[in-house]
Every structure is written in structure tokens, then in C-alpha cells.
>>> print(open('protein30.cif').read())   # mmCIF, C-alpha atoms
data_structure
loop_
_atom_site.label_atom_id
_atom_site.label_comp_id
_atom_site.auth_asym_id
_atom_site.auth_seq_id
_atom_site.Cartn_x
_atom_site.Cartn_y
_atom_site.Cartn_z
CA MET E 1 47.79 -93.20 42.92
CA GLN E 2 45.12 -95.54 44.20
CA LEU E 3 42.67 -92.64 44.30
CA ILE E 4 43.39 -91.70 40.67
CA ASP E 5 42.95 -95.29 39.59
CA ARG E 6 39.67 -95.48 41.49
CA VAL E 7 38.36 -92.28 39.84
CA ARG E 8 39.38 -93.58 36.41
CA LYS E 9 37.48 -96.81 37.01
CA LEU E 10 34.41 -94.87 38.14
CA LEU E 11 34.52 -92.67 35.04
CA LEU E 12 34.81 -95.72 32.84
CA ALA E 13 31.88 -97.26 34.63
CA GLY E 14 29.95 -94.05 34.15
CA CYS E 15 30.76 -94.04 30.44
CA ALA E 16 29.57 -97.59 30.18
CA VAL E 17 26.29 -96.66 31.75
CA MET E 18 25.98 -93.64 29.47
CA SER E 19 26.67 -95.73 26.45
CA CYS E 20 24.15 -98.28 27.52
CA MET E 21 21.57 -95.64 28.18
CA THR E 22 22.10 -93.63 25.03
CA PRO E 23 19.41 -95.32 22.94
CA ALA E 24 16.83 -94.88 25.68
CA ALA E 25 17.97 -91.37 26.47
CA ALA E 26 17.38 -90.44 22.84
CA GLN E 27 13.71 -91.45 22.97
CA VAL E 28 12.17 -88.35 21.47
CA CYS E 29 8.79 -87.27 20.16
CA THR E 30 8.08 -83.64 19.42
CA LEU E 31 5.01 -82.00 17.97
CA ALA E 32 4.95 -78.46 16.67
CA LEU E 33 2.20 -76.47 15.02
CA SER E 34 3.33 -75.13 11.67
CA ASN E 35 0.07 -73.38 10.90
CA GLY E 36 -3.54 -73.55 12.02
CA GLY E 37 -6.33 -74.23 9.57
CA THR E 38 -9.16 -72.18 8.14
CA LEU E 39 -12.66 -73.26 7.23
CA GLY E 40 -14.55 -72.28 4.09
CA LEU E 41 -18.19 -72.77 3.19
CA ALA E 42 -19.14 -75.24 0.48
CA LEU E 43 -21.21 -73.96 -2.40
CA ASP E 44 -24.22 -75.97 -1.26
CA GLY E 45 -24.00 -74.48 2.25
CA THR E 46 -23.87 -77.83 4.08
CA VAL E 47 -20.12 -78.15 4.74
CA LEU E 48 -17.75 -75.74 6.47
CA GLY E 49 -14.36 -77.28 5.91
CA SER E 50 -10.69 -76.79 5.24
CA GLU E 51 -11.00 -78.38 1.79
CA GLU E 52 -13.70 -75.98 0.62
CA ILE E 53 -13.09 -72.74 -1.24
CA GLY E 54 -11.28 -70.34 1.09
CA GLY E 55 -10.29 -73.11 3.49
CA LEU E 56 -6.76 -74.21 4.37
CA PRO E 57 -5.47 -77.32 6.15
CA ALA E 58 -3.42 -77.20 9.34
CA ALA E 59 0.15 -78.52 9.36
CA VAL E 60 1.94 -80.19 12.27
CA THR E 61 5.62 -81.13 12.24
CA ILE E 62 6.65 -84.31 14.00
CA VAL E 63 10.08 -85.64 14.98
CA SER E 64 10.26 -89.13 16.42
CA VAL E 65 13.19 -91.17 17.69
CA GLY E 66 12.34 -94.66 18.85
CA THR E 67 8.83 -96.03 18.75
CA ASN E 68 6.10 -93.55 19.62
CA THR E 69 2.35 -93.37 19.31
CA ILE E 70 0.49 -90.37 17.95
CA ASP E 71 -3.03 -90.16 19.34
CA ILE E 72 -5.51 -87.85 17.67
CA ASP E 73 -8.65 -86.99 19.58
CA ALA E 74 -12.03 -86.71 17.97
CA PRO E 75 -12.42 -83.17 16.61
CA GLN E 76 -14.86 -80.86 18.30
CA ARG E 77 -16.37 -77.45 17.77
CA VAL E 78 -15.09 -75.20 20.57
CA SER E 79 -16.82 -71.97 19.56
CA GLY E 80 -20.30 -71.24 20.82
CA PRO E 81 -23.08 -71.87 18.30
CA PRO E 82 -24.06 -68.69 16.42
CA ALA E 83 -27.65 -67.56 16.92
CA GLY E 84 -30.03 -69.66 14.90
CA TYR E 85 -27.53 -72.45 14.27
CA ASN E 86 -28.91 -75.97 14.57
CA THR E 87 -26.22 -77.97 16.40
CA GLY E 88 -28.34 -81.10 16.59
CA THR E 89 -27.67 -82.05 13.00
CA GLU E 90 -23.95 -81.25 12.78
CA SER E 91 -21.04 -83.65 12.73
CA VAL E 92 -17.41 -82.59 13.15
CA GLU E 93 -14.91 -84.64 11.19
CA LEU E 94 -11.16 -84.94 10.83
CA ALA E 95 -8.86 -86.31 8.14
CA TYR E 96 -5.07 -86.30 7.84
CA GLN E 97 -2.24 -87.22 5.53
CA GLY E 98 1.45 -87.57 6.26
CA LEU E 99 4.48 -86.51 4.23
CA GLY E 100 8.15 -87.47 4.39
CA GLY E 101 8.67 -90.09 7.07
CA LEU E 102 4.90 -90.13 7.60
CA ALA E 103 4.06 -90.84 3.96
CA ALA E 104 2.35 -94.10 4.89
CA VAL E 105 -0.03 -92.32 7.27
CA SER E 106 -3.47 -91.54 5.92
CA GLN E 107 -6.85 -91.20 7.59
CA ALA E 108 -10.13 -90.57 5.78
CA TYR E 109 -12.68 -88.25 7.38
CA THR E 110 -13.86 -89.61 10.73
CA THR E 111 -15.74 -88.28 13.74
CA GLY E 112 -13.89 -90.54 16.18
CA PRO E 113 -10.43 -90.65 17.75
CA SER E 114 -7.63 -92.20 15.75
CA GLY E 115 -3.88 -92.63 15.86
CA PHE E 116 -0.83 -94.37 14.50
CA THR E 117 2.55 -95.68 15.55
CA VAL E 118 5.67 -94.00 14.31
CA GLY E 119 9.29 -95.10 14.48
CA THR E 120 12.39 -93.02 14.01
CA ILE E 121 11.74 -90.32 11.44
CA ALA E 122 13.27 -87.01 10.60
CA LEU E 123 11.15 -83.86 10.77
CA SER E 124 7.98 -84.70 8.84
CA VAL E 125 4.71 -82.94 8.19
CA LEU E 126 1.21 -84.14 9.02
CA THR E 127 -1.49 -82.24 7.14
CA LEU E 128 -4.84 -82.13 8.92
CA HIS E 129 -8.31 -81.26 7.69
CA ASN E 130 -11.37 -80.44 9.76
CA ARG E 131 -14.90 -80.01 8.56
CA ILE E 132 -18.34 -79.42 10.01
CA VAL E 133 -21.12 -81.11 8.07
CA ASN E 134 -24.64 -79.86 8.68
CA PRO E 135 -27.51 -80.67 6.30
CA ASP E 136 -29.48 -77.82 7.87
CA GLY E 137 -26.87 -75.27 6.81
CA PHE E 138 -25.06 -72.62 8.83
CA ALA E 139 -25.94 -69.40 10.60
CA PRO E 140 -23.74 -66.32 10.27
CA GLY E 141 -20.88 -66.23 12.76
CA LEU E 142 -17.53 -67.66 13.83
CA TYR E 143 -16.90 -71.39 13.92
CA THR E 144 -13.80 -72.88 15.57
CA THR E 145 -12.93 -76.56 15.68
CA ARG E 146 -10.13 -78.16 17.67
CA THR E 147 -8.19 -81.38 17.29
CA VAL E 148 -5.78 -82.47 20.06
CA LEU E 149 -2.70 -84.48 19.10
CA THR E 150 -0.66 -86.34 21.70
CA CYS E 151 2.64 -88.11 21.22
CA SER E 152 3.78 -90.62 23.81
CA MET S 1 27.92 -93.85 42.45
CA ARG S 2 27.07 -96.13 39.55
CA PHE S 3 23.54 -96.35 40.83
CA LEU S 4 23.37 -92.59 41.06
CA VAL S 5 24.53 -92.16 37.45
CA ALA S 6 22.03 -94.73 36.27
CA VAL S 7 19.20 -93.02 38.10
CA ILE S 8 20.12 -89.67 36.59
CA PHE S 9 20.10 -91.06 33.08
CA SER S 10 16.90 -92.93 33.64
CA GLY S 11 15.34 -89.60 34.52
CA ILE S 12 16.48 -88.16 31.21
CA CYS S 13 15.20 -91.23 29.36
CA ALA S 14 11.58 -90.78 30.43
CA ALA S 15 10.07 -89.11 27.37
CA PRO S 16 7.13 -86.97 28.47
CA ALA S 17 3.94 -87.06 26.42
CA ALA S 18 3.73 -84.10 24.09
CA ALA S 19 0.31 -82.64 23.30
CA LEU S 20 -0.71 -80.08 20.74
CA ASP S 21 -3.98 -78.27 20.07
CA VAL S 22 -4.72 -77.68 16.40
CA GLU S 23 -7.46 -75.19 15.69
CA PHE S 24 -9.43 -74.29 12.58
CA ASN S 25 -11.35 -71.05 12.25
CA GLY S 26 -14.04 -70.08 9.79
CA VAL S 27 -16.37 -67.11 9.53
CA VAL S 28 -19.73 -67.59 7.86
CA ALA S 29 -21.11 -64.33 6.53
CA THR S 30 -24.72 -63.35 5.99
CA THR S 31 -25.53 -64.10 2.40
CA CYS S 32 -28.29 -64.91 -0.02
CA THR S 33 -27.68 -66.27 -3.50
CA LEU S 34 -30.08 -67.03 -6.31
CA ALA S 35 -29.30 -69.03 -9.41
CA LEU S 36 -31.44 -70.18 -12.28
CA GLY S 37 -31.42 -73.95 -12.48
CA THR S 38 -33.58 -74.38 -15.58
CA PRO S 39 -35.90 -71.95 -17.36
CA GLY S 40 -39.49 -73.00 -17.87
CA THR S 41 -41.51 -73.71 -20.96
CA LEU S 42 -45.18 -73.11 -21.75
CA ALA S 43 -47.66 -75.38 -23.51
CA LEU S 44 -51.28 -74.94 -24.52
CA SER S 45 -54.00 -76.66 -22.53
CA ALA S 46 -56.50 -78.94 -24.20
CA SER S 47 -59.20 -76.30 -23.83
CA GLY S 48 -57.05 -73.69 -25.56
CA THR S 49 -57.52 -71.13 -22.80
CA ILE S 50 -54.34 -71.71 -20.77
CA LEU S 51 -50.73 -71.49 -21.88
CA GLY S 52 -48.81 -72.77 -18.88
CA SER S 53 -45.83 -74.67 -17.52
CA GLU S 54 -48.05 -77.38 -16.09
CA GLU S 55 -49.74 -78.14 -19.38
CA GLY S 56 -48.78 -80.92 -21.77
CA VAL S 57 -45.03 -81.30 -22.22
CA ALA S 58 -44.17 -77.96 -20.60
CA VAL S 59 -41.79 -77.81 -17.64
CA PRO S 60 -41.49 -75.46 -14.68
CA ALA S 61 -38.49 -73.28 -13.99
CA THR S 62 -36.18 -74.07 -11.08
CA VAL S 63 -34.25 -71.60 -8.97
CA THR S 64 -31.60 -72.57 -6.39
CA ILE S 65 -31.41 -70.51 -3.24
CA LEU S 66 -28.76 -70.44 -0.52
CA SER S 67 -29.63 -68.29 2.46
CA ILE S 68 -27.56 -67.52 5.57
CA GLY S 69 -29.00 -65.09 8.05
CA ALA S 70 -32.41 -63.43 7.95
CA ASN S 71 -33.34 -62.85 4.32
CA THR S 72 -36.54 -62.26 2.38
CA ILE S 73 -37.33 -63.69 -1.02
CA ASP S 74 -39.54 -61.43 -3.10
CA VAL S 75 -41.39 -62.88 -6.07
CA ALA S 76 -42.69 -60.18 -8.37
CA ALA S 77 -45.96 -60.43 -10.26
CA PRO S 78 -45.37 -62.26 -13.55
CA ILE S 79 -45.44 -60.29 -16.77
CA ARG S 80 -45.52 -61.18 -20.45
CA ILE S 81 -42.48 -59.70 -22.18
CA SER S 82 -43.09 -60.92 -25.71
CA ALA S 83 -45.03 -58.77 -28.16
CA ASP S 84 -48.63 -59.65 -28.92
CA PRO S 85 -48.89 -62.12 -31.81
CA PRO S 86 -51.13 -60.80 -34.59
CA GLY S 87 -54.75 -61.25 -33.66
CA TYR S 88 -54.08 -61.94 -29.99
CA GLN S 89 -56.53 -60.34 -27.58
CA ALA S 90 -54.31 -59.21 -24.71
CA GLY S 91 -57.09 -57.44 -22.84
CA THR S 92 -58.56 -60.63 -21.47
CA GLU S 93 -55.38 -62.35 -20.37
CA VAL S 94 -54.30 -63.01 -16.81
CA LEU S 95 -50.71 -63.92 -15.90
CA GLU S 96 -50.11 -65.98 -12.80
CA VAL S 97 -47.23 -67.52 -10.91
CA SER S 98 -47.10 -70.35 -8.40
CA TYR S 99 -44.15 -71.93 -6.62
CA ALA S 100 -43.14 -74.63 -4.18
CA GLY S 101 -39.91 -75.25 -2.31
CA ALA S 102 -37.88 -78.34 -1.58
CA GLY S 103 -35.08 -79.10 0.88
CA GLY S 104 -34.69 -76.16 3.26
CA LEU S 105 -37.64 -74.50 1.51
CA SER S 106 -40.00 -77.44 1.89
CA LEU S 107 -42.50 -75.36 3.88
CA ILE S 108 -42.81 -72.83 1.07
CA SER S 109 -45.83 -73.15 -1.19
CA GLN S 110 -47.75 -70.52 -3.14
CA ALA S 111 -50.87 -71.21 -5.17
CA TYR S 112 -51.33 -69.42 -8.52
CA THR S 113 -51.57 -65.69 -8.06
CA SER S 114 -51.23 -62.63 -10.27
CA LEU S 115 -49.81 -60.59 -7.38
CA ALA S 116 -46.34 -60.10 -5.93
CA THR S 117 -45.54 -62.34 -2.96
CA ASP S 118 -42.66 -62.96 -0.57
CA PHE S 119 -41.47 -65.34 2.09
CA PRO S 120 -38.71 -65.35 4.74
CA ALA S 121 -35.58 -67.44 4.27
CA SER S 122 -33.25 -67.85 7.24
CA ASN S 123 -30.43 -70.40 7.43
CA ILE S 124 -30.95 -72.92 4.68
CA PRO S 125 -28.53 -74.91 2.55
CA LEU S 126 -28.76 -74.79 -1.20
CA SER S 127 -32.42 -75.56 -1.92
CA VAL S 128 -34.66 -75.60 -4.96
CA LEU S 129 -37.70 -73.42 -5.63
CA THR S 130 -39.88 -74.71 -8.47
CA VAL S 131 -41.72 -71.91 -10.27
CA ASN S 132 -44.70 -72.23 -12.61
CA ASN S 133 -46.13 -69.53 -14.87
CA ARG S 134 -49.32 -69.51 -16.84
CA ILE S 135 -51.30 -67.21 -19.08
CA THR S 136 -55.05 -67.66 -18.88
CA ASN S 137 -57.10 -66.11 -21.64
CA SER S 138 -60.77 -66.89 -22.08
CA ALA S 139 -60.51 -65.54 -25.64
CA GLY S 140 -57.91 -68.13 -26.56
CA PHE S 141 -54.47 -67.66 -28.14
CA ALA S 142 -53.18 -66.58 -31.52
CA ALA S 143 -50.29 -68.36 -33.21
CA GLY S 144 -46.91 -67.05 -32.07
CA THR S 145 -44.36 -66.93 -29.30
CA TYR S 146 -45.30 -66.10 -25.72
CA THR S 147 -42.68 -65.33 -23.12
CA THR S 148 -43.40 -64.60 -19.48
CA ARG S 149 -41.01 -63.39 -16.80
CA THR S 150 -41.02 -63.57 -13.01
CA VAL S 151 -38.38 -61.59 -11.14
CA ILE S 152 -37.16 -63.10 -7.88
CA THR S 153 -35.12 -61.00 -5.46
CA CYS S 154 -33.34 -61.94 -2.26
CA SER S 155 -32.45 -59.30 0.29
#
>>> encode(input="protein30.cif", output="C-alpha cells")
Amino acid sequence: MQLIDRVRKLLLAGCAVMSCMTPAAAQVCTLALSNGGTLGLALDGTVLGSEEIGGLPAAVTIVSVGTNTIDIDAPQRVSGPPAGYNTGTESVELAYQGLGGLAAVSQAYTTGPSGFTVGTIALSVLTLHNRIVNPDGFAPGLYTTRTVLTCS
Amino acid sequence: MRFLVAVIFSGICAAPAAALDVEFNGVVATTCTLALGTPGTLALSASGTILGSEEGVAVPATVTILSIGANTIDVAAPIRISADPPGYQAGTEVLEVSYAGAGGLSLISQAYTSLATDFPASNIPLSVLTVNNRITNSAGFAAGTYTTRTVITCS
């Protein structure tokens, strides 16, 4: 009888701990790629970007419980430069816009890292744009840019 | 035991940083486009022997060029496509073209010539080529309309 009572007390204590820890245990931040982006060439030949004809933005879904920080690295070109391409005059830029619980999030085109704080939100979409600006134009070939998002 | 439970839950609480790579891909194809910006006009020189786009109130033509990859711009010899006005002495006329580039074509310059010419165009953004035409005729000009044409080809 004493043993049963002791086990019951331990379970209750355990439940108390669980209850106490529930908010912290639910600290969640997930990032998922909905779709990658594509780059299209501007009519004047100086911009290869996801907002040009033939381009598409990337979409990332975010779920956050608790307070989290989304860090977005400076975008970079990860493909090798095509023959004849002048890399010295290019700049790689990123812009993004949130929807749903991220509706207040907006970043104009920038070449630097950026980020924002997010609280508890249901599954929401962050739309990202990348572009390469080069006043010297582009050489034929494949161009790939990468932006790294981190949630912590 | 309580400590053990707390430790276990603390382990669950630690939210690991999540990272995601987002990539964008684009393929730039070899291309060359030509577009007429403005056509030119011709005006008579003070001496009456030149009808050209650099005389008086006349204006040159402009052509925009976007080139990606190794291309060649061919500029054909200019021709007069309008009929001879009555009394005009066509036998002594000479048609000439000159042009100069801007932007990615800033190194391109051609003095007046009656011959076909060409120049290479590699990777350049949308740039302007300014084209002049003129008819030189030591016998002068008769009243009427004169139209010249220069064909530009990119390949």
C-alpha cells in the first residue's frame, strides 16, 4: 500500500514537471522548401532575376511556436561563371515578402544578410526573390544563386 | 527520479536550429536582338550637294542591340530606295553610312563609307548604335522625296 502511494506521488510529480515543461517543450521552428526559384533575363540584359520574364520566386513554409529568429544569409552565386562572363561587376541581391502569419515581414532587395523575429504562427509562406545585376550583361550559360535560411 | 524526468524533458525542449538552402536557377541562351529605336531623317546641306542625317534639322537613326555570346553585326552598304525625282541626276550620287556605338558598343565607330562593314558583338547589355546616312551628289538635288535604307543583320 505504501509502495502504491509512493508510485502515485511520483507520477503526480512527473505530471507536474511535464505540465511545467510543456510550453518550453513546444518550442518549435520548422523550415521547408515549397519550391525553388528560377531566374529570367531582363529585356535590357543587365538583370537575371526571379521577377523578370520567365522567372519565378522561391517559396518557403515556416511554422513557429514560441519566439524564434529567422536569419537569412547574403545571397551568393554558387555556379561557376560561364566563359566570358564578367563577375567583377555583378551584385547578387535578395528580397522577400511574408504571407499569413508573416504578413508584416518584408525586405527590399539587399546584398547583405538580414533576418526577423517571429512568434507563434501557423504554417505561413515566405516568398523569396533573387537577382543578379550586372551592367556588363551576361554570357550564355547556367547561373545558380543560393540563399541560406536558418531558424533558431 | 524527479530530476531524471526534468532532464529528459529539458532535452526535448532544446529546439535545434533549422537551416534551409534555397536555390534559384537560370539559363542564359546565346542570342542577338536588333530593334529600331528611331528612324532617321535627311536634310539638305547649305552647299546643296549633301542630303544627310547630320545636316540642318535632320536626325540619325538609332538601333538597340542586345548580344549574348559571340555574334557579328553586319551593316550593309546603304541604298536609295525611293524613285528618282524628275530631273535628278542619279549617276553622280554616292550613298554612305556611318555609325557609332554607346554603352556596351562604345568602342564601335565607323566613318562614312559606301561599303558593307561589320563588327563583333559578344556579351553586351542593351546598347544603342547611332546610324547616319547621307547622299552626296556634286550635281545637286532635284525637288522630291529621297529615302535611303541600311540593312543591319546580327548573326
>>> closest_residue(input="protein30.cif", among="E:Gly37, E:Gly100, E:Pro75, E:Gly49", to="chain S", atoms="all atoms listed in the file")
E:Gly37
>>> closest_atom_pairs(input="protein30.cif", of="region 47-148 of chain S", to="region 41-46 of chain E", cutoff="10 Å", atoms="only C-alpha atoms", output="CSV")
residue,atom,partner,partner_atom,distance
S:Thr64,CA,E:Asp44,CA,9.6
S:Ile65,CA,E:Asp44,CA,9.2
S:Leu66,CA,E:Gly45,CA,6.8
S:Ser67,CA,E:Gly45,CA,8.4
S:Ile68,CA,E:Gly45,CA,8.5
S:Asn123,CA,E:Gly45,CA,9.2
S:Ile124,CA,E:Gly45,CA,7.5
S:Pro125,CA,E:Gly45,CA,4.6
S:Leu126,CA,E:Asp44,CA,4.7
S:Ser127,CA,E:Asp44,CA,8.2
>>> residues_around(input="protein30.cif", residues="Thr150 (chain E)", least_positions_apart="3", cutoff="7 Å", atoms="only C-alpha atoms", output="PyMOL selection string")
(chain E and resi 70-72) or (chain S and resi 17-20)
>>> write_last_selection(input="protein30.cif", atoms="C-alpha atoms", output="PDB file, in the frame of the given file")
ATOM      1  CA  ILE E  70       0.490 -90.370  17.950  1.00  0.00           C
ATOM      2  CA  ASP E  71      -3.030 -90.160  19.340  1.00  0.00           C
ATOM      3  CA  ILE E  72      -5.510 -87.850  17.670  1.00  0.00           C
TER       4      ILE E  72
ATOM      5  CA  ALA S  17       3.940 -87.060  26.420  1.00  0.00           C
ATOM      6  CA  ALA S  18       3.730 -84.100  24.090  1.00  0.00           C
ATOM      7  CA  ALA S  19       0.310 -82.640  23.300  1.00  0.00           C
ATOM      8  CA  LEU S  20      -0.710 -80.080  20.740  1.00  0.00           C
TER       9      LEU S  20
END
>>> resolve_selection(input="protein30.cif", expression="the PyMOL selection byres ((chain S and resi 56) around 7)", output="list in words")
Ala43, Ser45, Glu54, Glu55, Val57 and Ala58 of chain S
>>> write_last_selection(input="protein30.cif", atoms="C-alpha atoms", output="short mmCIF file (atom, residue, chain, number, x, y, z; two decimals), keeping the file's coordinate frame")
data_model
loop_
_atom_site.label_atom_id
_atom_site.label_comp_id
_atom_site.auth_asym_id
_atom_site.auth_seq_id
_atom_site.Cartn_x
_atom_site.Cartn_y
_atom_site.Cartn_z
CA ALA S 43 -47.66 -75.38 -23.51
CA SER S 45 -54.00 -76.66 -22.53
CA GLU S 54 -48.05 -77.38 -16.09
CA GLU S 55 -49.74 -78.14 -19.38
CA VAL S 57 -45.03 -81.30 -22.22
CA ALA S 58 -44.17 -77.96 -20.60
#
>>> atom_distance(input="protein30.cif", atom1="CA of Thr111 (chain E)", atom2="CA of Thr30 (chain S)")
27.6 Å
>>> resolve_selection(input="protein30.cif", expression="the PyMOL selection byres ((chain E and resi 62) around 8)", output="PyMOL selection string")
chain E and resi 29-32+60-61+63-64+122-126
>>> interface_residues(input="protein30.cif", of="chain E", to="chain S", cutoff="6 Å", atoms="all atoms listed in the file", output="PDB file with C-alpha atoms, in the coordinates of the input")
ATOM      1  CA  ALA E  24      16.830 -94.880  25.680  1.00  0.00           C
ATOM      2  CA  ALA E  25      17.970 -91.370  26.470  1.00  0.00           C
ATOM      3  CA  GLY E  36      -3.540 -73.550  12.020  1.00  0.00           C
ATOM      4  CA  GLY E  37      -6.330 -74.230   9.570  1.00  0.00           C
ATOM      5  CA  THR E  38      -9.160 -72.180   8.140  1.00  0.00           C
ATOM      6  CA  LEU E  39     -12.660 -73.260   7.230  1.00  0.00           C
ATOM      7  CA  ASP E  44     -24.220 -75.970  -1.260  1.00  0.00           C
ATOM      8  CA  GLY E  45     -24.000 -74.480   2.250  1.00  0.00           C
ATOM      9  CA  THR E  46     -23.870 -77.830   4.080  1.00  0.00           C
ATOM     10  CA  GLY E 137     -26.870 -75.270   6.810  1.00  0.00           C
ATOM     11  CA  PHE E 138     -25.060 -72.620   8.830  1.00  0.00           C
ATOM     12  CA  ALA E 139     -25.940 -69.400  10.600  1.00  0.00           C
ATOM     13  CA  PRO E 140     -23.740 -66.320  10.270  1.00  0.00           C
ATOM     14  CA  GLY E 141     -20.880 -66.230  12.760  1.00  0.00           C
ATOM     15  CA  LEU E 142     -17.530 -67.660  13.830  1.00  0.00           C
ATOM     16  CA  TYR E 143     -16.900 -71.390  13.920  1.00  0.00           C
ATOM     17  CA  THR E 144     -13.800 -72.880  15.570  1.00  0.00           C
ATOM     18  CA  THR E 145     -12.930 -76.560  15.680  1.00  0.00           C
ATOM     19  CA  ARG E 146     -10.130 -78.160  17.670  1.00  0.00           C
ATOM     20  CA  THR E 147      -8.190 -81.380  17.290  1.00  0.00           C
ATOM     21  CA  VAL E 148      -5.780 -82.470  20.060  1.00  0.00           C
ATOM     22  CA  LEU E 149      -2.700 -84.480  19.100  1.00  0.00           C
ATOM     23  CA  THR E 150      -0.660 -86.340  21.700  1.00  0.00           C
ATOM     24  CA  CYS E 151       2.640 -88.110  21.220  1.00  0.00           C
ATOM     25  CA  SER E 152       3.780 -90.620  23.810  1.00  0.00           C
TER      26      SER E 152
END
>>> resolve_selection(input="protein30.cif", expression="the PyMOL selection byres ((chain E and resi 119) around 7)", output="list in words")
Ser64, Val65, Gly66, Thr67, Asn68, Thr117, Val118, Thr120 and Ile121 of chain E
>>> write_last_selection(input="protein30.cif", atoms="C-alpha atoms", output="compact mmCIF listing (two decimals), in the frame of the given file")
# COMPACT_ATOMS: atom_id res chain seq x y z
CA SER E 64 10.26 -89.13 16.42
CA VAL E 65 13.19 -91.17 17.69
CA GLY E 66 12.34 -94.66 18.85
CA THR E 67 8.83 -96.03 18.75
CA ASN E 68 6.10 -93.55 19.62
CA THR E 117 2.55 -95.68 15.55
CA VAL E 118 5.67 -94.00 14.31
CA THR E 120 12.39 -93.02 14.01
CA ILE E 121 11.74 -90.32 11.44
>>> atom_distance(input="protein30.cif", atom1="CA of Ile53 (chain E)", atom2="CA of Ile152 (chain S)")
26.8 Å
>>> closest_residue(input="protein30.cif", among="E:Asn134, E:Gln76, E:Ser114, E:Thr69", to="Ala95 (chain E)", atoms="all atoms listed in the file")
E:Ser114
>>> axis_aligned_box(input="protein30.cif", around="region 44-51 of chain S", padding_each_side="6 Å", output="lines of an AutoDock Vina configuration file")
center_x = -55.0
center_y = -75.0
center_z = -23.2
size_x = 20.5
size_y = 19.8
size_z = 16.8
>>> residues_around(input="protein30.cif", residues="Asp118 (chain S)", least_positions_apart="5", cutoff="12 Å", atoms="all atoms listed in the file", output="compact mmCIF listing (two decimals) with C-alpha atoms, in the frame of the given file")
# COMPACT_ATOMS: atom_id res chain seq x y z
CA ASN S 71 -33.34 -62.85 4.32
CA THR S 72 -36.54 -62.26 2.38
CA ILE S 73 -37.33 -63.69 -1.02
CA ASP S 74 -39.54 -61.43 -3.10
CA VAL S 75 -41.39 -62.88 -6.07
CA ALA S 76 -42.69 -60.18 -8.37
CA ALA S 77 -45.96 -60.43 -10.26
CA SER S 98 -47.10 -70.35 -8.40
CA TYR S 99 -44.15 -71.93 -6.62
CA ILE S 108 -42.81 -72.83 1.07
CA SER S 109 -45.83 -73.15 -1.19
CA GLN S 110 -47.75 -70.52 -3.14
CA THR S 113 -51.57 -65.69 -8.06
CA VAL S 151 -38.38 -61.59 -11.14
CA ILE S 152 -37.16 -63.10 -7.88
CA THR S 153 -35.12 -61.00 -5.46
CA CYS S 154 -33.34 -61.94 -2.26
CA SER S 155 -32.45 -59.30 0.29
>>> atom_distance(input="protein30.cif", atom1="CA of Ile135 (chain S)", atom2="CA of Ile50 (chain S)")
5.7 Å
>>> decode(input="protein30.cif", residues="region 41-65 of chain S", atoms="C-alpha atoms", output="mmCIF file, in the first residue's frame")
data_model
loop_
_atom_site.group_PDB
_atom_site.id
_atom_site.type_symbol
_atom_site.label_atom_id
_atom_site.label_comp_id
_atom_site.auth_asym_id
_atom_site.auth_seq_id
_atom_site.Cartn_x
_atom_site.Cartn_y
_atom_site.Cartn_z
ATOM 1 C CA THR S 41 15.683 61.929 -91.402
ATOM 2 C CA LEU S 42 17.657 63.685 -94.135
ATOM 3 C CA ALA S 43 18.193 67.399 -94.694
ATOM 4 C CA LEU S 44 19.968 69.363 -97.395
ATOM 5 C CA SER S 45 23.344 70.906 -96.667
ATOM 6 C CA ALA S 46 23.960 74.598 -97.186
ATOM 7 C CA SER S 47 26.018 73.843 -100.287
ATOM 8 C CA GLY S 48 23.194 71.813 -101.811
ATOM 9 C CA THR S 49 25.424 68.822 -102.531
ATOM 10 C CA ILE S 50 24.684 66.654 -99.475
ATOM 11 C CA LEU S 51 21.369 65.305 -98.258
ATOM 12 C CA GLY S 52 22.229 63.767 -94.913
ATOM 13 C CA SER S 53 21.189 62.981 -91.354
ATOM 14 C CA GLU S 54 23.849 65.266 -89.931
ATOM 15 C CA GLU S 55 22.689 68.297 -91.881
ATOM 16 C CA GLY S 56 20.396 71.014 -90.567
ATOM 17 C CA VAL S 57 17.474 69.677 -88.538
ATOM 18 C CA ALA S 58 17.931 66.066 -89.643
ATOM 19 C CA VAL S 59 18.398 63.305 -87.076
ATOM 20 C CA PRO S 60 20.235 59.987 -87.152
ATOM 21 C CA ALA S 61 18.569 56.620 -86.764
ATOM 22 C CA THR S 62 19.079 54.589 -83.597
ATOM 23 C CA VAL S 63 19.169 50.821 -83.295
ATOM 24 C CA THR S 64 19.208 48.926 -79.980
ATOM 25 C CA ILE S 65 21.271 45.773 -79.819
#
